[in-house]
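Asks: Structure incoming, see below.
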Amino acid sequence: ALPPRSMDTVLQVVEALEAAEELSLPELARALGSCSTPGCLAVLGDPPDAPLDLPALSPEQRALLTHLLRPDPAAPERGAVLAPDGSTVALAPLLAGVEVGLRMAGGWSGPTPEPPAALDALYAVTLTEALGTAFLLARARNHSGATLGPDGCWDDVENPQNFTLLGPPSPVPEAVANGALDGVLLGARLAEAPVPLAPLLRSYYGTDNGTASGRPPSSYRRRDFGALTGLKKLEEEVVAMLRLLRVLPPTRGLLEDVGEEEEVAIARRAARDFMETFVECPAIVPRCMWGARPYRGTPKPLSLPLGSVYIHHTFVPSAPCRTFAACARAMRSMQRFHQDTRGWDDIGYSFVVGSDGYLYQGRGWHWVGAHTRGHNTKGYGVGYVGNFSATLPDPDAIALVRDGLLPCAVRAGRLRHDYTLRGHRQVVNTSCPGDSLFQEIRTWRGFE
């Protein structure tokens with residue numbers, strides 16, 4: 001059996017390679033073919049000759065790396081691993097970004113004479129080739145089919161072996177987006193101050209002792225990428241990549257009948273959709289990742305768009321959850337209580353807000369919940385994990401809903417633009433969502 005497909009397993013490999021001082025993981029990844037697309041090869045060059053029978057690695061570790069890093073266009077999810085924050089990360093864009101950062105720290109200024117001078121190598125090897133290709137393919141098939149997403153689920157979060165997408169694959173499923181965001185962020189950090197890879201990754205993904213009980217930096221990837229990379233910057237980098245793909249023989253045909261104006265329009269749409277989907281909108285942990293029981297009976301569909309949002313706190317659990325493991329336990333506990341004690345069909349909330357940087361899917365966007373008696377068909381119920389009678393949720397947990405979930409729901413047509421927002425106490429005889437949180441939501445858009 002292969003070792004678990006977890007980030008911790010990858011870090012064990014990094015440490016073994018660094019101790020042996022033979023070959024870095026980014027170099028080994030390229031030797032195995034992780035950078036095999038036309039754009040990546042044009043930027044980073046031919047892969048190095050590397051021995052694949054490295055004595056520093058066990059046979060099981062070598063087999064896992066071969067499985068993860070040899071590309072399979074028909075199964076892009078194959079090269080992904082599970083991170084401690086519950087997110088799934090594709091290794092190829094992550095390690096390509098790391099390699100660019102290390103090269104830049106050593107004085108490398110990018111490929112010459114091609115690709116175009118305007119192309120930023122860090123974005124080219126992590127994100128913009130996949131993004132530009134996704135939207136070129138969508139254009140070729142008249143915009144039918146997925147361009148971004150979906151997310152997916154692991155068979156076992158304790159011993160992840162198999163990852164299954166939750167919908168039709170695109171060139172940029174969520175795992176590839178996560179790997180690209182991480183590759184850009186870590187590559188930029190390494191370019192400024194090179195450090196050994198193992199401690200950098202352990203710190204970033206929260207697998208060292210200092211962050212095992214709290215929120216790791218990787219859960220801030222969307223916020224941090226948004227701070228580093230504006231929409232205009234990403235659009236410019238997609239344009240630069242399309243101009244490179246236009247001159248490369250394997251991809252020249254994709255752009256034969258694409259003029260300069262349409263090229264810019266494709267890049268603009270690709271950058272906008274990516275930023276909305278993977279940066280501005282919050283990540284939502286699907287039910288299968290937190291270990292949800294099945295819905296009892298037949299769920300009733302909502303009629304979208306809805307006109308209301310109802311804010312709750314869970315009260316029990318009373319403490320905020322700040323790790324994926326703690327939030328998943330809280331979700332399972334609430335679902336058991338709602339199903340077994342209350343006799344409901346499922347967990348009552350539409351969505352639940354952790355203090356780990358993520359939203360958790362309850363009944364989700366499309367099914368009637370059991371959160372606000374008499375109003376369940378009219379709006380979404382959003383519950384914060386914790387008791388917020390005397391204290392507030394963390395500022396970024398507040399922003400996750402106020403500045404992320406609600407505007408994204410409006411843009412997606414799931415919530416009316418003139419929606420009303422209320423605390424649970426306004427429509428049901430209860431103290432929920434707690435005095436402190438209720439005073440906070442009085443300042444939000446749509447409060448009535």
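Chains: A, B, ... in order of the structure tokens. Residues: from 1 per chain. Ligands: from 1, in order shown.
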Could you produce a table of the residues of region 11-52 of chain A lying within 10 Å of region 125-146 of chain A, with the nearest pair of atoms per residue and their separation in Å rounded to one decimal, using only C-alpha atoms, ordered by chain and increasing residue number, as CSV?

Replies:
residue,atom,partner,partner_atom,distance
A:Cys35,CA,A:Val125,CA,8.0
A:Thr37,CA,A:Glu129,CA,8.5
A:Pro38,CA,A:Glu129,CA,8.8
A:Gly39,CA,A:Glu129,CA,6.3
A:Cys40,CA,A:Val125,CA,5.2
A:Leu41,CA,A:Val125,CA,8.7
A:Ala42,CA,A:Val125,CA,9.5
A:Val43,CA,A:Val125,CA,7.3
A:Leu44,CA,A:Val125,CA,8.0

Asks: Please produce a file of the residues just selected, as a compact mmCIF listing (two decimals), in the first residue's frame, where the atoms kept are N, CA and C atoms.

Replies:
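The resulting file, selection00.txt, is shown below:
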# COMPACT_ATOMS: atom_id res chain seq x y z
N CYS A 35 6.41 19.08 -14.72
CA CYS A 35 6.39 20.29 -15.58
C CYS A 35 6.50 19.82 -17.02
N THR A 37 3.92 20.54 -19.51
CA THR A 37 3.08 21.30 -20.43
C THR A 37 3.96 22.23 -21.26
N PRO A 38 3.49 22.66 -22.43
CA PRO A 38 4.34 23.49 -23.30
C PRO A 38 4.83 24.77 -22.63
N GLY A 39 3.94 25.47 -21.93
CA GLY A 39 4.34 26.72 -21.29
C GLY A 39 5.35 26.51 -20.19
N CYS A 40 5.14 25.50 -19.35
CA CYS A 40 6.05 25.24 -18.24
C CYS A 40 7.44 24.86 -18.76
N LEU A 41 7.48 24.02 -19.80
CA LEU A 41 8.78 23.64 -20.38
C LEU A 41 9.48 24.84 -20.99
N ALA A 42 8.72 25.75 -21.61
CA ALA A 42 9.33 26.94 -22.22
C ALA A 42 9.94 27.84 -21.17
N VAL A 43 9.33 27.88 -19.99
CA VAL A 43 9.83 28.77 -18.93
C VAL A 43 10.98 28.13 -18.16
N LEU A 44 10.81 26.88 -17.75
CA LEU A 44 11.81 26.24 -16.89
C LEU A 44 12.82 25.40 -17.65

Asks: Mind checking which residues fall within 12 Å of Pro173 (chain A), counting only C-alpha atoms, ignoring those fewer than 4 positions away in the same chain, and posting them as a PyMOL selection string?

Replies: chain A and resi 75-80+88-90+127+130-131+134+146-152+164-169+177-180+274+277-278

Asks: Store the residues picked out above, limited to N, CA and C atoms, as an mmCIF file, in the first residue's frame.

Replies:
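Once everything was written out, this is selection_8.cif:
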data_model
loop_
_atom_site.group_PDB
_atom_site.id
_atom_site.type_symbol
_atom_site.label_atom_id
_atom_site.label_comp_id
_atom_site.auth_asym_id
_atom_site.auth_seq_id
_atom_site.Cartn_x
_atom_site.Cartn_y
_atom_site.Cartn_z
ATOM 1 N N ALA A 75 -6.755 12.669 -15.464
ATOM 2 C CA ALA A 75 -7.062 12.626 -14.029
ATOM 3 C C ALA A 75 -6.187 13.644 -13.293
ATOM 4 N N PRO A 76 -6.500 14.952 -13.452
ATOM 5 C CA PRO A 76 -5.654 15.969 -12.804
ATOM 6 C C PRO A 76 -5.662 15.871 -11.290
ATOM 7 N N GLU A 77 -6.698 15.240 -10.732
ATOM 8 C CA GLU A 77 -6.765 15.102 -9.276
ATOM 9 C C GLU A 77 -5.754 14.097 -8.739
ATOM 10 N N ARG A 78 -5.124 13.309 -9.639
ATOM 11 C CA ARG A 78 -4.199 12.275 -9.170
ATOM 12 C C ARG A 78 -3.000 12.876 -8.453
ATOM 13 N N GLY A 79 -2.577 14.043 -8.877
ATOM 14 C CA GLY A 79 -1.373 14.643 -8.307
ATOM 15 C C GLY A 79 -1.624 15.522 -7.108
ATOM 16 N N ALA A 80 -2.701 15.267 -6.348
ATOM 17 C CA ALA A 80 -3.068 16.121 -5.217
ATOM 18 C C ALA A 80 -2.842 15.405 -3.898
ATOM 19 N N THR A 88 -7.236 20.577 -0.377
ATOM 20 C CA THR A 88 -6.530 19.647 -1.254
ATOM 21 C C THR A 88 -5.637 20.452 -2.185
ATOM 22 N N VAL A 89 -4.369 20.031 -2.295
ATOM 23 C CA VAL A 89 -3.354 20.827 -2.981
ATOM 24 C C VAL A 89 -2.688 19.990 -4.064
ATOM 25 N N ALA A 90 -2.700 20.476 -5.303
ATOM 26 C CA ALA A 90 -1.966 19.833 -6.387
ATOM 27 C C ALA A 90 -0.488 20.173 -6.252
ATOM 28 N N LEU A 127 0.010 29.096 -12.596
ATOM 29 C CA LEU A 127 -1.403 29.404 -12.779
ATOM 30 C C LEU A 127 -1.816 29.748 -14.199
ATOM 31 N N ALA A 130 -2.563 27.067 -17.127
ATOM 32 C CA ALA A 130 -3.793 26.306 -16.911
ATOM 33 C C ALA A 130 -5.018 27.189 -17.086
ATOM 34 N N LEU A 131 -4.937 28.429 -16.603
ATOM 35 C CA LEU A 131 -6.074 29.338 -16.679
ATOM 36 C C LEU A 131 -6.347 29.753 -18.120
ATOM 37 N N ALA A 134 -7.752 26.789 -20.045
ATOM 38 C CA ALA A 134 -9.141 26.494 -19.682
ATOM 39 C C ALA A 134 -10.110 27.362 -20.474
ATOM 40 N N ALA A 146 -17.107 22.909 -18.027
ATOM 41 C CA ALA A 146 -16.549 23.642 -16.896
ATOM 42 C C ALA A 146 -15.223 24.294 -17.274
ATOM 43 N N THR A 147 -15.023 25.528 -16.816
ATOM 44 C CA THR A 147 -13.732 26.191 -16.983
ATOM 45 C C THR A 147 -12.940 26.197 -15.685
ATOM 46 N N LEU A 148 -13.627 26.226 -14.550
ATOM 47 C CA LEU A 148 -12.976 26.229 -13.233
ATOM 48 C C LEU A 148 -13.690 25.232 -12.323
ATOM 49 N N GLY A 149 -12.917 24.632 -11.408
ATOM 50 C CA GLY A 149 -13.501 23.705 -10.443
ATOM 51 C C GLY A 149 -13.600 22.310 -11.014
ATOM 52 N N PRO A 150 -14.177 21.391 -10.242
ATOM 53 C CA PRO A 150 -14.816 21.545 -8.932
ATOM 54 C C PRO A 150 -13.862 21.187 -7.801
ATOM 55 N N ASP A 151 -14.407 21.145 -6.577
ATOM 56 C CA ASP A 151 -13.703 20.602 -5.429
ATOM 57 C C ASP A 151 -13.877 19.083 -5.467
ATOM 58 N N GLY A 152 -13.440 18.421 -4.429
ATOM 59 C CA GLY A 152 -13.585 16.975 -4.361
ATOM 60 C C GLY A 152 -13.496 16.502 -2.933
ATOM 61 N N THR A 164 -11.748 12.054 -5.147
ATOM 62 C CA THR A 164 -12.768 12.028 -6.189
ATOM 63 C C THR A 164 -13.353 13.413 -6.371
ATOM 64 N N LEU A 165 -13.352 13.904 -7.611
ATOM 65 C CA LEU A 165 -13.961 15.195 -7.892
ATOM 66 C C LEU A 165 -15.472 15.125 -7.732
ATOM 67 N N LEU A 166 -16.064 16.251 -7.343
ATOM 68 C CA LEU A 166 -17.503 16.308 -7.101
ATOM 69 C C LEU A 166 -18.291 16.782 -8.319
ATOM 70 N N GLY A 167 -17.663 16.837 -9.456
ATOM 71 C CA GLY A 167 -18.352 17.264 -10.663
ATOM 72 C C GLY A 167 -17.440 17.116 -11.857
ATOM 73 N N PRO A 168 -17.865 17.603 -13.033
ATOM 74 C CA PRO A 168 -17.045 17.484 -14.243
ATOM 75 C C PRO A 168 -15.713 18.205 -14.074
ATOM 76 N N PRO A 169 -14.611 17.588 -14.466
ATOM 77 C CA PRO A 169 -13.299 18.224 -14.281
ATOM 78 C C PRO A 169 -13.076 19.354 -15.269
ATOM 79 N N ALA A 177 -6.041 25.053 -8.261
ATOM 80 C CA ALA A 177 -6.069 26.450 -7.822
ATOM 81 C C ALA A 177 -5.330 26.614 -6.496
ATOM 82 N N ASN A 178 -5.571 25.720 -5.535
ATOM 83 C CA ASN A 178 -4.870 25.802 -4.246
ATOM 84 C C ASN A 178 -3.365 25.661 -4.419
ATOM 85 N N GLY A 179 -2.942 24.686 -5.248
ATOM 86 C CA GLY A 179 -1.511 24.518 -5.484
ATOM 87 C C GLY A 179 -0.891 25.730 -6.151
ATOM 88 N N ALA A 180 -1.638 26.358 -7.076
ATOM 89 C CA ALA A 180 -1.133 27.552 -7.751
ATOM 90 C C ALA A 180 -1.020 28.728 -6.789
ATOM 91 N N PHE A 274 -11.458 33.665 -12.169
ATOM 92 C CA PHE A 274 -10.584 33.017 -11.191
ATOM 93 C C PHE A 274 -10.590 33.775 -9.879
ATOM 94 N N THR A 277 -13.886 33.237 -8.052
ATOM 95 C CA THR A 277 -14.121 31.880 -7.578
ATOM 96 C C THR A 277 -13.155 31.468 -6.478
ATOM 97 N N PHE A 278 -11.869 31.805 -6.638
ATOM 98 C CA PHE A 278 -10.851 31.243 -5.760
ATOM 99 C C PHE A 278 -10.167 32.266 -4.860
#

Asks: Counting only C-alpha atoms, which residue out of A:Val10, A:Ala92, A:Gly253, A:Pro26 sits closest to Gln61 (chain A)?

Replies: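 Ranking A:Val10, A:Ala92, A:Gly253, A:Pro26 by distance to Gln61 (chain A), first place goes to A:Val10.
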
Asks: Of the candidates A:Ile347, A:Ser203, A:Ala50, A:Leu82, which shows the shortest atom-to-atom distance to Glu22 (chain A), using only C-alpha atoms?

Replies: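 Closest to Glu22 (chain A) of all the choices is A:Ala50.
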
Asks: Check the DSSP output for the backbone and give back, as a list in words, the residues of region 342-377 of chain A in strand (DSSP E or B).

Replies: Phe351, Val352, Val353, Leu359, Tyr360, Gln361 and Trp367 of chain A

Asks: Take the residues that were just selected and, keeping N, CA, C and O atoms, output them as a compact mmCIF listing (two decimals), in the first residue's frame.

Replies:
# COMPACT_ATOMS: atom_id res chain seq x y z
N PHE A 351 -25.25 26.83 6.13
CA PHE A 351 -23.79 26.88 6.20
C PHE A 351 -23.37 27.16 7.63
O PHE A 351 -24.11 27.81 8.38
N VAL A 352 -22.18 26.70 7.97
CA VAL A 352 -21.63 26.93 9.30
C VAL A 352 -20.26 27.59 9.13
O VAL A 352 -19.49 27.24 8.22
N VAL A 353 -19.95 28.55 10.00
CA VAL A 353 -18.73 29.34 9.90
C VAL A 353 -17.75 28.89 10.97
O VAL A 353 -18.03 29.01 12.17
N LEU A 359 -15.84 28.01 5.50
CA LEU A 359 -17.26 27.72 5.70
C LEU A 359 -17.46 26.22 5.53
O LEU A 359 -16.73 25.57 4.78
N TYR A 360 -18.47 25.69 6.20
CA TYR A 360 -18.79 24.26 6.12
C TYR A 360 -20.20 24.10 5.58
O TYR A 360 -21.12 24.77 6.04
N GLN A 361 -20.34 23.24 4.59
CA GLN A 361 -21.65 23.03 3.98
C GLN A 361 -22.55 22.23 4.90
O GLN A 361 -22.20 21.14 5.34
N TRP A 367 -31.17 23.31 -0.74
CA TRP A 367 -32.16 22.53 0.00
C TRP A 367 -32.68 23.28 1.21
O TRP A 367 -31.93 23.97 1.91

Asks: Find the spatial neighbours of Arg252 (chain A), counting only C-alpha atoms, within a cut-off of 12 Å - ignore same-chain residues fewer than 3 positions away - and output them as a list of chain:residue names.

Replies: A:Pro38, A:Gly39, A:Thr133, A:Leu136, A:Leu242, A:Arg243, A:Leu244, A:Leu245, A:Arg246, A:Val247, A:Leu248, A:Pro249, A:Leu255, A:Glu256, A:Asp257, A:Val258

Asks: DSSP says alpha helix (DSSP H) for which residues of region 154-192 of chain A? Put them as a list in words?

Replies: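 Alpha helix (DSSP H) members of region 154-192 of chain A, listed: Glu174, Ala175, Val176, Ala177, Asn178, Gly179, Ala180, Leu181, Asp182, Gly183, Val184, Leu185, Leu186, Gly187, Ala188, Arg189, Leu190, Ala191 and Glu192 of chain A.
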
Asks: Using only C-alpha atoms, pick whichever of A:Val100, A:Leu181, A:Cys281, A:Leu119 has the shortest atom-to-atom distance to Glu235 (chain A).

Replies: A:Leu119

Asks: Residues within 9 Å of Ser431 (chain A), please, as an mmCIF file with all heavy atoms, in the first residue's frame. Count only C-alpha atoms; anything in the same chain fewer than 5 positions from it doesn't count.

Replies:
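Listed below is the output, around29.cif:
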data_model
loop_
_atom_site.group_PDB
_atom_site.id
_atom_site.type_symbol
_atom_site.label_atom_id
_atom_site.label_comp_id
_atom_site.auth_asym_id
_atom_site.auth_seq_id
_atom_site.Cartn_x
_atom_site.Cartn_y
_atom_site.Cartn_z
ATOM 1 N N SER A 389 -22.431 35.492 22.956
ATOM 2 C CA SER A 389 -23.233 36.375 23.808
ATOM 3 C C SER A 389 -22.404 37.539 24.316
ATOM 4 O O SER A 389 -22.884 38.675 24.367
ATOM 5 C CB SER A 389 -23.795 35.576 24.989
ATOM 6 O OG SER A 389 -24.586 34.505 24.537
ATOM 7 N N HIS A 424 -31.350 35.573 14.302
ATOM 8 C CA HIS A 424 -32.352 34.552 14.626
ATOM 9 C C HIS A 424 -33.393 35.104 15.608
ATOM 10 O O HIS A 424 -34.597 34.843 15.494
ATOM 11 C CB HIS A 424 -31.618 33.340 15.223
ATOM 12 C CG HIS A 424 -32.458 32.133 15.436
ATOM 13 N ND1 HIS A 424 -32.042 31.069 16.222
ATOM 14 C CD2 HIS A 424 -33.691 31.771 14.990
ATOM 15 C CE1 HIS A 424 -32.979 30.131 16.236
ATOM 16 N NE2 HIS A 424 -33.980 30.536 15.497
ATOM 17 N N ARG A 425 -32.958 35.905 16.576
ATOM 18 C CA ARG A 425 -33.849 36.419 17.630
ATOM 19 C C ARG A 425 -34.952 37.329 17.102
ATOM 20 O O ARG A 425 -35.944 37.567 17.788
ATOM 21 C CB ARG A 425 -33.035 37.191 18.676
ATOM 22 C CG ARG A 425 -32.352 38.430 18.134
ATOM 23 C CD ARG A 425 -31.706 39.279 19.224
ATOM 24 N NE ARG A 425 -30.665 38.560 19.943
ATOM 25 C CZ ARG A 425 -29.981 39.094 20.962
ATOM 26 N NH1 ARG A 425 -30.237 40.338 21.347
ATOM 27 N NH2 ARG A 425 -29.060 38.406 21.573
#

Asks: Which is closest to Thr314 (chain A) among A:Cys408, A:Leu437, A:Ala83, A:Leu2, if we use only C-alpha atoms?

Replies: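 Ranking A:Cys408, A:Leu437, A:Ala83, A:Leu2 by distance to Thr314 (chain A), first place goes to A:Leu437.
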
Asks: Please provide as a PyMOL selection string all residues within 10 Å of Leu57 (chain A), with the sequence filter that same-chain residues fewer than 3 positions apart are discarded (counting only C-alpha atoms).

Replies: chain A and resi 12-14+16-17+20+52-54+60-63

Asks: Between CA of Ala227 (chain A) and CA of Gly364 (chain A), what is the distance, to one decimal in Å?

Replies: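 So the two atoms, CA of Ala227 (chain A) and CA of Gly364 (chain A), lie 28.7 Å apart.
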